[in-house]
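Undergrad: Have a peek at run_30.txt (compact mmCIF, N, CA and C atoms).
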# COMPACT_ATOMS: atom_id res chain seq x y z
N MET A 1 128.73 184.81 116.92
CA MET A 1 128.33 183.45 116.64
C MET A 1 128.06 182.74 117.95
N GLU A 2 127.06 181.93 117.93
CA GLU A 2 126.78 181.04 119.05
C GLU A 2 127.08 179.61 118.61
N ASN A 3 127.34 178.74 119.55
CA ASN A 3 127.68 177.35 119.21
C ASN A 3 126.61 176.69 118.33
N LYS A 4 125.36 177.03 118.57
CA LYS A 4 124.27 176.43 117.79
C LYS A 4 124.31 176.83 116.32
N ASP A 5 125.03 177.92 116.01
CA ASP A 5 125.13 178.41 114.63
C ASP A 5 126.13 177.64 113.78
N VAL A 6 127.07 176.96 114.42
CA VAL A 6 128.20 176.35 113.71
C VAL A 6 127.77 175.41 112.58
N PRO A 7 126.85 174.46 112.78
CA PRO A 7 126.48 173.58 111.66
C PRO A 7 125.90 174.33 110.46
N PHE A 8 125.11 175.37 110.72
CA PHE A 8 124.54 176.13 109.62
C PHE A 8 125.62 176.93 108.89
N LEU A 9 126.55 177.50 109.65
CA LEU A 9 127.66 178.24 109.02
C LEU A 9 128.50 177.31 108.16
N ALA A 10 128.73 176.10 108.64
CA ALA A 10 129.50 175.12 107.87
C ALA A 10 128.76 174.75 106.58
N GLU A 11 127.46 174.73 106.63
CA GLU A 11 126.66 174.44 105.43
C GLU A 11 126.78 175.58 104.41
N ILE A 12 126.74 176.83 104.90
CA ILE A 12 126.94 177.98 104.01
C ILE A 12 128.34 177.89 103.39
N TRP A 13 129.33 177.59 104.23
CA TRP A 13 130.71 177.45 103.76
C TRP A 13 130.80 176.39 102.65
N LEU A 14 130.21 175.24 102.89
CA LEU A 14 130.29 174.14 101.93
C LEU A 14 129.61 174.51 100.61
N ASN A 15 128.38 174.97 100.68
CA ASN A 15 127.63 175.28 99.46
C ASN A 15 128.31 176.38 98.64
N THR A 16 128.80 177.40 99.33
CA THR A 16 129.45 178.51 98.64
C THR A 16 130.80 178.07 98.09
N SER A 17 131.54 177.27 98.84
CA SER A 17 132.83 176.77 98.37
C SER A 17 132.68 175.92 97.12
N LEU A 18 131.68 175.07 97.10
CA LEU A 18 131.46 174.22 95.92
C LEU A 18 131.20 175.06 94.68
N LYS A 19 130.46 176.15 94.84
CA LYS A 19 130.13 177.02 93.70
C LYS A 19 131.32 177.90 93.31
N ALA A 20 131.95 178.53 94.28
CA ALA A 20 133.02 179.50 94.00
C ALA A 20 134.35 178.85 93.62
N HIS A 21 134.53 177.61 94.07
CA HIS A 21 135.81 176.94 93.86
C HIS A 21 135.62 175.65 93.06
N ASP A 22 134.93 175.76 91.95
CA ASP A 22 134.65 174.57 91.16
C ASP A 22 135.89 173.99 90.48
N PHE A 23 137.01 174.69 90.60
CA PHE A 23 138.28 174.20 90.07
C PHE A 23 138.98 173.25 91.04
N ILE A 24 138.37 173.05 92.21
CA ILE A 24 138.88 172.10 93.21
C ILE A 24 137.83 171.00 93.35
N SER A 25 138.27 169.78 93.55
CA SER A 25 137.33 168.65 93.60
C SER A 25 136.27 168.83 94.69
N LYS A 26 135.07 168.41 94.35
CA LYS A 26 133.92 168.47 95.26
C LYS A 26 134.24 167.71 96.56
N GLU A 27 134.94 166.59 96.42
CA GLU A 27 135.26 165.75 97.58
C GLU A 27 136.13 166.49 98.59
N TYR A 28 137.02 167.35 98.10
CA TYR A 28 137.87 168.12 99.02
C TYR A 28 137.02 168.92 99.98
N TRP A 29 136.02 169.63 99.45
CA TRP A 29 135.17 170.48 100.30
C TRP A 29 134.31 169.63 101.23
N ILE A 30 133.73 168.59 100.70
CA ILE A 30 132.87 167.73 101.52
C ILE A 30 133.69 167.10 102.66
N ASN A 31 134.90 166.66 102.36
CA ASN A 31 135.75 166.02 103.37
C ASN A 31 136.23 166.99 104.44
N ASN A 32 136.22 168.29 104.14
CA ASN A 32 136.70 169.28 105.11
C ASN A 32 135.59 169.94 105.92
N LYS A 33 134.36 169.60 105.66
CA LYS A 33 133.25 170.21 106.40
C LYS A 33 133.35 169.93 107.90
N SER A 34 133.72 168.72 108.26
CA SER A 34 133.82 168.39 109.69
C SER A 34 134.91 169.21 110.37
N LEU A 35 135.99 169.55 109.65
CA LEU A 35 137.03 170.41 110.23
C LEU A 35 136.50 171.81 110.49
N MET A 36 135.63 172.29 109.61
CA MET A 36 135.01 173.60 109.83
C MET A 36 134.18 173.59 111.11
N ILE A 37 133.44 172.52 111.30
CA ILE A 37 132.55 172.41 112.46
C ILE A 37 133.34 172.21 113.76
N GLU A 38 134.34 171.34 113.72
CA GLU A 38 135.04 170.95 114.94
C GLU A 38 136.24 171.82 115.30
N LYS A 39 136.88 172.41 114.28
CA LYS A 39 138.13 173.13 114.54
C LYS A 39 138.09 174.60 114.15
N TYR A 40 137.88 174.86 112.85
CA TYR A 40 138.08 176.21 112.34
C TYR A 40 137.09 177.23 112.91
N LEU A 41 135.81 176.96 112.82
CA LEU A 41 134.85 177.94 113.32
C LEU A 41 134.93 178.13 114.84
N PRO A 42 134.99 177.06 115.62
CA PRO A 42 135.06 177.25 117.07
C PRO A 42 136.33 177.98 117.54
N ASN A 43 137.40 177.92 116.76
CA ASN A 43 138.66 178.56 117.15
C ASN A 43 138.89 179.90 116.48
N SER A 44 137.87 180.43 115.84
CA SER A 44 137.96 181.74 115.19
C SER A 44 137.04 182.72 115.88
N GLU A 45 137.26 183.99 115.59
CA GLU A 45 136.39 185.07 116.05
C GLU A 45 135.38 185.26 114.91
N VAL A 46 134.15 184.80 115.11
CA VAL A 46 133.18 184.75 114.02
C VAL A 46 132.04 185.72 114.26
N TYR A 47 131.73 186.49 113.22
CA TYR A 47 130.61 187.43 113.26
C TYR A 47 129.65 187.05 112.14
N ILE A 48 128.36 187.11 112.44
CA ILE A 48 127.37 186.72 111.45
C ILE A 48 126.51 187.92 111.05
N ALA A 49 126.01 187.85 109.84
CA ALA A 49 125.00 188.80 109.36
C ALA A 49 123.70 188.02 109.34
N GLU A 50 122.70 188.58 110.01
CA GLU A 50 121.42 187.89 110.03
C GLU A 50 120.28 188.88 109.90
N GLU A 51 119.15 188.35 109.47
CA GLU A 51 117.94 189.14 109.32
C GLU A 51 116.79 188.28 109.80
N THR A 52 116.07 188.76 110.79
CA THR A 52 114.95 188.02 111.37
C THR A 52 115.35 186.59 111.70
N ASP A 53 116.44 186.45 112.46
CA ASP A 53 116.94 185.15 112.91
C ASP A 53 117.38 184.21 111.78
N THR A 54 117.55 184.73 110.58
CA THR A 54 118.06 183.93 109.47
C THR A 54 119.49 184.38 109.19
N ILE A 55 120.42 183.44 109.26
CA ILE A 55 121.82 183.77 109.01
C ILE A 55 122.03 183.92 107.50
N LEU A 56 122.60 185.07 107.12
CA LEU A 56 122.82 185.38 105.72
C LEU A 56 124.27 185.12 105.30
N GLY A 57 125.19 185.25 106.26
CA GLY A 57 126.60 185.06 105.96
C GLY A 57 127.43 185.25 107.21
N PHE A 58 128.74 185.06 107.07
CA PHE A 58 129.63 185.21 108.23
C PHE A 58 131.03 185.57 107.80
N ILE A 59 131.77 186.12 108.74
CA ILE A 59 133.20 186.38 108.57
C ILE A 59 133.90 185.79 109.78
N ALA A 60 134.99 185.06 109.54
CA ALA A 60 135.77 184.45 110.61
C ALA A 60 137.16 185.08 110.60
N LEU A 61 137.55 185.61 111.74
CA LEU A 61 138.85 186.26 111.89
C LEU A 61 139.74 185.44 112.81
N SER A 62 141.02 185.45 112.51
CA SER A 62 142.03 184.88 113.39
C SER A 62 143.11 185.94 113.51
N GLU A 63 143.09 186.68 114.59
CA GLU A 63 143.93 187.85 114.79
C GLU A 63 143.64 188.84 113.66
N ASN A 64 144.64 189.19 112.84
CA ASN A 64 144.42 190.15 111.75
C ASN A 64 144.19 189.47 110.40
N CYS A 65 143.87 188.19 110.43
CA CYS A 65 143.64 187.45 109.19
C CYS A 65 142.16 187.13 109.03
N ILE A 66 141.69 187.30 107.80
CA ILE A 66 140.35 186.84 107.48
C ILE A 66 140.50 185.37 107.10
N ALA A 67 140.04 184.51 107.99
CA ALA A 67 140.13 183.07 107.74
C ALA A 67 139.09 182.65 106.71
N SER A 68 137.92 183.28 106.78
CA SER A 68 136.87 183.00 105.79
C SER A 68 135.80 184.08 105.85
N ILE A 69 135.22 184.31 104.72
CA ILE A 69 134.04 185.18 104.61
C ILE A 69 133.15 184.54 103.56
N PHE A 70 131.95 184.18 103.97
CA PHE A 70 131.02 183.48 103.09
C PHE A 70 129.62 184.01 103.28
N VAL A 71 128.94 184.18 102.16
CA VAL A 71 127.54 184.63 102.15
C VAL A 71 126.72 183.54 101.48
N ASP A 72 125.58 183.23 102.08
CA ASP A 72 124.67 182.23 101.52
C ASP A 72 124.45 182.52 100.03
N ILE A 73 124.46 181.49 99.22
CA ILE A 73 124.34 181.65 97.76
C ILE A 73 123.12 182.49 97.38
N GLU A 74 122.00 182.25 98.06
CA GLU A 74 120.76 182.98 97.75
C GLU A 74 120.83 184.45 98.13
N GLN A 75 121.79 184.83 98.97
CA GLN A 75 121.88 186.19 99.47
C GLN A 75 123.01 187.00 98.83
N GLN A 76 123.75 186.38 97.93
CA GLN A 76 124.89 187.07 97.33
C GLN A 76 124.43 188.20 96.42
N GLY A 77 125.28 189.22 96.34
CA GLY A 77 124.97 190.38 95.51
C GLY A 77 124.10 191.42 96.18
N LYS A 78 123.87 191.27 97.48
CA LYS A 78 123.00 192.20 98.21
C LYS A 78 123.78 193.08 99.19
N GLY A 79 125.11 193.03 99.13
CA GLY A 79 125.92 193.88 100.00
C GLY A 79 126.28 193.27 101.34
N ILE A 80 125.95 192.01 101.55
CA ILE A 80 126.21 191.36 102.84
C ILE A 80 127.70 191.14 103.05
N GLY A 81 128.39 190.71 102.01
CA GLY A 81 129.85 190.53 102.11
C GLY A 81 130.54 191.84 102.45
N THR A 82 130.10 192.92 101.82
CA THR A 82 130.67 194.24 102.11
C THR A 82 130.37 194.65 103.54
N LEU A 83 129.16 194.39 104.00
CA LEU A 83 128.79 194.69 105.39
C LEU A 83 129.70 193.95 106.37
N LEU A 84 129.92 192.67 106.14
CA LEU A 84 130.79 191.87 107.01
C LEU A 84 132.23 192.36 106.96
N LEU A 85 132.71 192.65 105.75
CA LEU A 85 134.07 193.13 105.61
C LEU A 85 134.26 194.49 106.28
N ASN A 86 133.29 195.38 106.11
CA ASN A 86 133.38 196.69 106.76
C ASN A 86 133.37 196.57 108.28
N TYR A 87 132.62 195.62 108.81
CA TYR A 87 132.62 195.40 110.25
C TYR A 87 134.03 195.01 110.70
N ALA A 88 134.65 194.09 109.97
CA ALA A 88 136.02 193.67 110.32
C ALA A 88 136.99 194.85 110.22
N LYS A 89 136.82 195.68 109.22
CA LYS A 89 137.69 196.85 109.06
C LYS A 89 137.53 197.83 110.23
N ASN A 90 136.34 197.88 110.81
CA ASN A 90 136.09 198.77 111.94
C ASN A 90 136.72 198.28 113.24
N ILE A 91 137.00 196.99 113.33
CA ILE A 91 137.57 196.46 114.57
C ILE A 91 139.04 196.06 114.43
N ARG A 92 139.61 196.27 113.25
CA ARG A 92 141.02 195.97 113.00
C ARG A 92 141.66 197.16 112.28
N THR A 93 142.99 197.26 112.37
CA THR A 93 143.71 198.29 111.62
C THR A 93 144.41 197.70 110.41
N GLU A 94 144.44 196.37 110.36
CA GLU A 94 145.07 195.66 109.25
C GLU A 94 144.36 194.33 109.08
N LEU A 95 144.18 193.92 107.84
CA LEU A 95 143.59 192.61 107.54
C LEU A 95 144.38 191.97 106.41
N LYS A 96 144.62 190.67 106.55
CA LYS A 96 145.28 189.88 105.51
C LYS A 96 144.39 188.69 105.20
N LEU A 97 144.57 188.15 104.01
CA LEU A 97 143.82 186.95 103.62
C LEU A 97 144.52 186.28 102.46
N ASN A 98 144.17 185.03 102.26
CA ASN A 98 144.61 184.28 101.09
C ASN A 98 143.36 184.02 100.25
N VAL A 99 143.50 184.19 98.94
CA VAL A 99 142.37 183.94 98.05
C VAL A 99 142.91 183.23 96.81
N TYR A 100 142.18 182.22 96.35
CA TYR A 100 142.60 181.49 95.16
C TYR A 100 142.61 182.42 93.96
N GLN A 101 143.68 182.35 93.18
CA GLN A 101 143.81 183.21 92.01
C GLN A 101 142.71 182.96 90.99
N LYS A 102 142.25 181.73 90.90
CA LYS A 102 141.19 181.40 89.93
C LYS A 102 139.82 181.91 90.36
N ASN A 103 139.69 182.36 91.60
CA ASN A 103 138.43 182.88 92.10
C ASN A 103 138.36 184.38 91.78
N ASP A 104 138.16 184.69 90.51
CA ASP A 104 138.17 186.08 90.04
C ASP A 104 137.16 186.95 90.78
N LYS A 105 136.00 186.42 91.04
CA LYS A 105 134.96 187.21 91.72
C LYS A 105 135.45 187.71 93.07
N SER A 106 136.07 186.83 93.85
CA SER A 106 136.56 187.23 95.17
C SER A 106 137.77 188.14 95.08
N VAL A 107 138.68 187.84 94.15
CA VAL A 107 139.86 188.70 93.97
C VAL A 107 139.40 190.12 93.66
N ASN A 108 138.46 190.26 92.74
CA ASN A 108 137.96 191.59 92.37
C ASN A 108 137.19 192.25 93.51
N PHE A 109 136.47 191.45 94.29
CA PHE A 109 135.75 191.97 95.46
C PHE A 109 136.74 192.64 96.42
N TYR A 110 137.82 191.94 96.73
CA TYR A 110 138.80 192.50 97.67
C TYR A 110 139.55 193.69 97.08
N LYS A 111 139.92 193.61 95.81
CA LYS A 111 140.60 194.74 95.17
C LYS A 111 139.73 196.00 95.22
N SER A 112 138.44 195.83 94.97
CA SER A 112 137.54 196.98 94.95
C SER A 112 137.28 197.54 96.35
N ARG A 113 137.75 196.84 97.35
CA ARG A 113 137.59 197.28 98.74
C ARG A 113 138.94 197.57 99.39
N ASP A 114 139.87 198.02 98.55
CA ASP A 114 141.17 198.55 98.98
C ASP A 114 142.17 197.52 99.48
N PHE A 115 142.01 196.27 99.11
CA PHE A 115 143.03 195.26 99.40
C PHE A 115 144.04 195.28 98.26
N ILE A 116 145.29 195.07 98.59
CA ILE A 116 146.33 194.98 97.58
C ILE A 116 146.95 193.58 97.63
N ILE A 117 147.49 193.15 96.50
CA ILE A 117 148.16 191.86 96.44
C ILE A 117 149.58 192.05 96.95
N LEU A 118 149.90 191.32 98.02
CA LEU A 118 151.26 191.38 98.59
C LEU A 118 152.19 190.38 97.92
N SER A 119 151.66 189.18 97.69
CA SER A 119 152.50 188.12 97.14
C SER A 119 151.63 187.01 96.59
N GLU A 120 152.29 186.04 96.01
CA GLU A 120 151.62 184.84 95.52
C GLU A 120 152.16 183.65 96.31
N SER A 121 151.31 182.66 96.48
CA SER A 121 151.72 181.44 97.16
C SER A 121 150.95 180.28 96.56
N THR A 122 151.21 179.10 97.08
CA THR A 122 150.48 177.91 96.65
C THR A 122 149.88 177.27 97.89
N ASP A 123 148.57 177.02 97.83
CA ASP A 123 147.90 176.31 98.92
C ASP A 123 148.39 174.87 98.90
N GLN A 124 149.03 174.46 99.98
CA GLN A 124 149.65 173.13 100.02
C GLN A 124 148.64 171.99 99.99
N LEU A 125 147.41 172.24 100.41
CA LEU A 125 146.40 171.17 100.42
C LEU A 125 145.77 170.93 99.05
N THR A 126 145.62 172.01 98.27
CA THR A 126 144.97 171.88 96.96
C THR A 126 145.93 172.05 95.80
N LEU A 127 147.13 172.57 96.08
CA LEU A 127 148.14 172.90 95.09
C LEU A 127 147.68 174.00 94.12
N GLU A 128 146.68 174.76 94.54
CA GLU A 128 146.19 175.89 93.75
C GLU A 128 146.96 177.15 94.13
N LYS A 129 147.19 178.00 93.13
CA LYS A 129 147.87 179.27 93.37
C LYS A 129 146.92 180.24 94.07
N GLU A 130 147.49 181.00 95.02
CA GLU A 130 146.72 181.97 95.78
C GLU A 130 147.41 183.33 95.73
N TYR A 131 146.64 184.35 96.05
CA TYR A 131 147.21 185.66 96.34
C TYR A 131 147.14 185.86 97.84
N VAL A 132 148.15 186.48 98.40
CA VAL A 132 148.10 186.98 99.76
C VAL A 132 147.76 188.45 99.60
N MET A 133 146.63 188.86 100.17
CA MET A 133 146.16 190.24 100.03
C MET A 133 146.10 190.91 101.39
N GLN A 134 146.22 192.23 101.39
CA GLN A 134 146.24 192.97 102.65
C GLN A 134 145.51 194.31 102.50
N TRP A 135 144.89 194.72 103.61
CA TRP A 135 144.26 196.03 103.74
C TRP A 135 144.82 196.67 105.00
N ASN A 136 145.09 197.97 104.93
CA ASN A 136 145.54 198.73 106.09
C ASN A 136 144.66 199.96 106.25
N LYS A 137 144.28 200.24 107.49
CA LYS A 137 143.53 201.44 107.79
C LYS A 137 144.44 202.64 107.58
N LEU A 138 143.96 203.66 106.92
CA LEU A 138 144.77 204.86 106.66
C LEU A 138 144.88 205.72 107.88
Using structure tokens, write down the structure from this file.

TA:
Amino acid sequence: MENKDVPFLAEIWLNTSLKAHDFISKEYWINNKSLMIEKYLPNSEVYIAEETDTILGFIALSENCIASIFVDIEQQGKGIGTLLLNYAKNIRTELKLNVYQKNDKSVNFYKSRDFIILSESTDQLTLEKEYVMQWNKL
């Protein structure tokens, strides 16, 4: 990721979050966009998937944690999320993440890619139940 990419990545994050997390208020996501731009993305290890200078999606890592993985809505279902996740698996021996339990699509995505549910927790900002999931290199 380059600094110039941050606003576009935040836009992908916002649009995808609104669609995937419709059980959380729209205002929550809109109000947190500036944090993505100013804090989360600049302080993460971010890798992007792009084609002909068009960003298709990104994965943000913080040590062995997947802080976020988002694919542009128009590009979903084309294997980009798997490509990003496989890249992270190639540079780490363990990955953990939190995913909202109501986000069935993402939960199933991670399960089908060898992540297991370690525990359940509650996101303190949204009060939504989450799974803590983990993958380990064999």

Undergrad: Taking every listed atom of range 31-38 of chain A and adding 5 Å to each side, what centre and edge lengths in Å (one decimal) does the axis-aligned box have, as lines of an AutoDock Vina configuration file?

TA:
center_x = 134.8
center_y = 169.8
center_z = 108.8
size_x = 14.5
size_y = 17.6
size_z = 22.9

Undergrad: Which of these residues is nearest to Asp123 in chain A, using only C-alpha atoms: A:Leu41, A:Leu61, A:Ile24, A:Glu11?

TA: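 Among the listed residues, A:Ile24 lies closest to Asp123 in chain A.
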
Undergrad: Give me the residues near Lys105 in chain A as JSON, numbers by chain, where near means some atom within 9 Å (using only C-alpha atoms) and where sequence neighbours in that chain fewer than 4 positions away do not count.

TA: {"A": [20, 109, 110]}

Undergrad: Taking the point (131.7, 185.3, 104.8) as given in the file, collect each protein or nucleic acid residue that comes within 5 Å of it, counting only N, CA and C atoms, and present the set as a list in words.

TA: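 So the residues meeting the distance criterion are Gly57, Phe58, Ile59, Ser68, Ile69, Phe70 and Val71 of chain A.
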
Undergrad: Which residues are close to Asn3 in chain A, i.e. within 10 Å by only C-alpha atoms, leaving aside same-chain residues fewer than 2 positions away? Reply as a PDB file with N, CA and C atoms, in the coordinates of the input.

TA:
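That gives us selection.pdb:
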ATOM      1  N   MET A   1     128.730 184.810 116.920  1.00  0.00           N
ATOM      2  CA  MET A   1     128.330 183.450 116.640  1.00  0.00           C
ATOM      3  C   MET A   1     128.060 182.740 117.950  1.00  0.00           C
ATOM      4  N   ASP A   5     125.030 177.920 116.010  1.00  0.00           N
ATOM      5  CA  ASP A   5     125.130 178.410 114.630  1.00  0.00           C
ATOM      6  C   ASP A   5     126.130 177.640 113.780  1.00  0.00           C
ATOM      7  N   VAL A   6     127.070 176.960 114.420  1.00  0.00           N
ATOM      8  CA  VAL A   6     128.200 176.350 113.710  1.00  0.00           C
ATOM      9  C   VAL A   6     127.770 175.410 112.580  1.00  0.00           C
ATOM     10  N   PRO A   7     126.850 174.460 112.780  1.00  0.00           N
ATOM     11  CA  PRO A   7     126.480 173.580 111.660  1.00  0.00           C
ATOM     12  C   PRO A   7     125.900 174.330 110.460  1.00  0.00           C
ATOM     13  N   ILE A  37     133.440 172.520 111.300  1.00  0.00           N
ATOM     14  CA  ILE A  37     132.550 172.410 112.460  1.00  0.00           C
ATOM     15  C   ILE A  37     133.340 172.210 113.760  1.00  0.00           C
ATOM     16  N   LEU A  41     135.810 176.960 112.820  1.00  0.00           N
ATOM     17  CA  LEU A  41     134.850 177.940 113.320  1.00  0.00           C
ATOM     18  C   LEU A  41     134.930 178.130 114.840  1.00  0.00           C
ATOM     19  N   PRO A  42     134.990 177.060 115.620  1.00  0.00           N
ATOM     20  CA  PRO A  42     135.060 177.250 117.070  1.00  0.00           C
ATOM     21  C   PRO A  42     136.330 177.980 117.540  1.00  0.00           C
TER      22      PRO A  42
END

Undergrad: Smallest atom-to-atom distance to Asn136 in chain A: which of A:Thr93, A:Ser119, A:Asn103, A:Ser17, using only N, CA and C atoms?

TA: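 That would be A:Thr93, the residue with the smallest distance to Asn136 in chain A.
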
Undergrad: Could you please determine the separation between CA of Leu9 in chain A and CA of Glu120 in chain A in Å, to one decimal place?

TA: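 One can read the CA of Leu9 in chain A to CA of Glu120 in chain A distance as 28.3 Å.
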
Undergrad: Quick one: of A:Tyr40, A:Leu127, A:Met133, A:Glu50, who's nearest to Lys111 in chain A, counting only C-alpha atoms?

TA: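 With only C-alpha atoms as the atom set, the closest residue is A:Met133.
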
Undergrad: Per DSSP on the backbone, what are the strand (DSSP E) residues of chain A, as a PyMOL selection string?

TA: chain A and resi 45-51+54-62+65-71+94-100+116-122+129-136

Undergrad: To test your reading of the structure, identify every residue in chain A that backbone DSSP assigns to helix (DSSP H, G or I), and report it as a PyMOL selection string.

TA: chain A and resi 3-20+26-40+73-75+80-91+104-111

Undergrad: What lies within 10 Å of Lys137 in chain A using only C-alpha atoms, ignoring chain neighbours under 3 positions off, as number ranges by chain?

TA: A: 89-90, 92-95, 114

Undergrad: Atom C of Leu85 in chain A and atom C of Asn31 in chain A are how many Å apart?

TA: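 These atoms are spaced 27.6 Å apart.
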
Undergrad: Work out how far apart CA of Glu63 in chain A and atom C of Glu45 in chain A are and give it in Å to one decimal.

TA: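 If I compute the distance from CA of Glu63 in chain A to atom C of Glu45 in chain A, I get 8.9 Å.
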
Undergrad: Of the candidates A:Phe115, A:Phe23, A:Trp13, A:Tyr131, which one gets nearest to Met36 in chain A if we count only C-alpha atoms?

TA: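 Closest candidate: A:Trp13.
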
Undergrad: List the residues sitting within 5 Å of (147.0, 192.2, 96.6) in the file's frame, using all atoms listed in the file, as a list in words.

TA: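 Output: Phe115, Ile116, Ile117, Leu118, Val132, Met133 and Gln134 of chain A.
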
Undergrad: Since the input lacks atoms, please generate N, CA, C and O atoms for range 8-22 of chain A and provide them as a PDB file, keeping the file's coordinate frame.

TA:
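In the end it all went to part27.pdb:
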ATOM      1  N   PHE A   8     125.110 175.370 110.720  1.00  0.00           N
ATOM      2  CA  PHE A   8     124.540 176.130 109.620  1.00  0.00           C
ATOM      3  C   PHE A   8     125.620 176.930 108.890  1.00  0.00           C
ATOM      4  O   PHE A   8     125.617 177.020 107.668  1.00  0.00           O
ATOM      5  N   LEU A   9     126.550 177.500 109.650  1.00  0.00           N
ATOM      6  CA  LEU A   9     127.660 178.240 109.020  1.00  0.00           C
ATOM      7  C   LEU A   9     128.500 177.310 108.160  1.00  0.00           C
ATOM      8  O   LEU A   9     128.937 177.683 107.067  1.00  0.00           O
ATOM      9  N   ALA A  10     128.730 176.100 108.640  1.00  0.00           N
ATOM     10  CA  ALA A  10     129.500 175.120 107.870  1.00  0.00           C
ATOM     11  C   ALA A  10     128.760 174.750 106.580  1.00  0.00           C
ATOM     12  O   ALA A  10     129.398 174.510 105.548  1.00  0.00           O
ATOM     13  N   GLU A  11     127.460 174.730 106.630  1.00  0.00           N
ATOM     14  CA  GLU A  11     126.660 174.440 105.430  1.00  0.00           C
ATOM     15  C   GLU A  11     126.780 175.580 104.410  1.00  0.00           C
ATOM     16  O   GLU A  11     126.934 175.345 103.211  1.00  0.00           O
ATOM     17  N   ILE A  12     126.740 176.830 104.900  1.00  0.00           N
ATOM     18  CA  ILE A  12     126.940 177.980 104.010  1.00  0.00           C
ATOM     19  C   ILE A  12     128.340 177.890 103.390  1.00  0.00           C
ATOM     20  O   ILE A  12     128.515 178.079 102.187  1.00  0.00           O
ATOM     21  N   TRP A  13     129.330 177.590 104.230  1.00  0.00           N
ATOM     22  CA  TRP A  13     130.710 177.450 103.760  1.00  0.00           C
ATOM     23  C   TRP A  13     130.800 176.390 102.650  1.00  0.00           C
ATOM     24  O   TRP A  13     131.409 176.629 101.604  1.00  0.00           O
ATOM     25  N   LEU A  14     130.210 175.240 102.890  1.00  0.00           N
ATOM     26  CA  LEU A  14     130.290 174.140 101.930  1.00  0.00           C
ATOM     27  C   LEU A  14     129.610 174.510 100.610  1.00  0.00           C
ATOM     28  O   LEU A  14     130.212 174.383  99.539  1.00  0.00           O
ATOM     29  N   ASN A  15     128.380 174.970 100.680  1.00  0.00           N
ATOM     30  CA  ASN A  15     127.630 175.280  99.460  1.00  0.00           C
ATOM     31  C   ASN A  15     128.310 176.380  98.640  1.00  0.00           C
ATOM     32  O   ASN A  15     128.395 176.296  97.416  1.00  0.00           O
ATOM     33  N   THR A  16     128.800 177.400  99.330  1.00  0.00           N
ATOM     34  CA  THR A  16     129.450 178.510  98.640  1.00  0.00           C
ATOM     35  C   THR A  16     130.800 178.070  98.090  1.00  0.00           C
ATOM     36  O   THR A  16     131.173 178.455  96.973  1.00  0.00           O
ATOM     37  N   SER A  17     131.540 177.270  98.840  1.00  0.00           N
ATOM     38  CA  SER A  17     132.830 176.770  98.370  1.00  0.00           C
ATOM     39  C   SER A  17     132.680 175.920  97.120  1.00  0.00           C
ATOM     40  O   SER A  17     133.479 176.041  96.180  1.00  0.00           O
ATOM     41  N   LEU A  18     131.680 175.070  97.100  1.00  0.00           N
ATOM     42  CA  LEU A  18     131.460 174.220  95.920  1.00  0.00           C
ATOM     43  C   LEU A  18     131.200 175.060  94.680  1.00  0.00           C
ATOM     44  O   LEU A  18     131.678 174.745  93.587  1.00  0.00           O
ATOM     45  N   LYS A  19     130.460 176.150  94.840  1.00  0.00           N
ATOM     46  CA  LYS A  19     130.130 177.020  93.700  1.00  0.00           C
ATOM     47  C   LYS A  19     131.320 177.900  93.310  1.00  0.00           C
ATOM     48  O   LYS A  19     131.663 178.000  92.127  1.00  0.00           O
ATOM     49  N   ALA A  20     131.950 178.530  94.280  1.00  0.00           N
ATOM     50  CA  ALA A  20     133.020 179.500  94.000  1.00  0.00           C
ATOM     51  C   ALA A  20     134.350 178.850  93.620  1.00  0.00           C
ATOM     52  O   ALA A  20     135.172 179.460  92.969  1.00  0.00           O
ATOM     53  N   HIS A  21     134.530 177.610  94.070  1.00  0.00           N
ATOM     54  CA  HIS A  21     135.810 176.940  93.860  1.00  0.00           C
ATOM     55  C   HIS A  21     135.620 175.650  93.060  1.00  0.00           C
ATOM     56  O   HIS A  21     136.117 174.594  93.445  1.00  0.00           O
ATOM     57  N   ASP A  22     134.930 175.760  91.950  1.00  0.00           N
ATOM     58  CA  ASP A  22     134.650 174.570  91.160  1.00  0.00           C
ATOM     59  C   ASP A  22     135.890 173.990  90.480  1.00  0.00           C
ATOM     60  O   ASP A  22     135.845 172.919  89.895  1.00  0.00           O
TER      61      ASP A  22
END
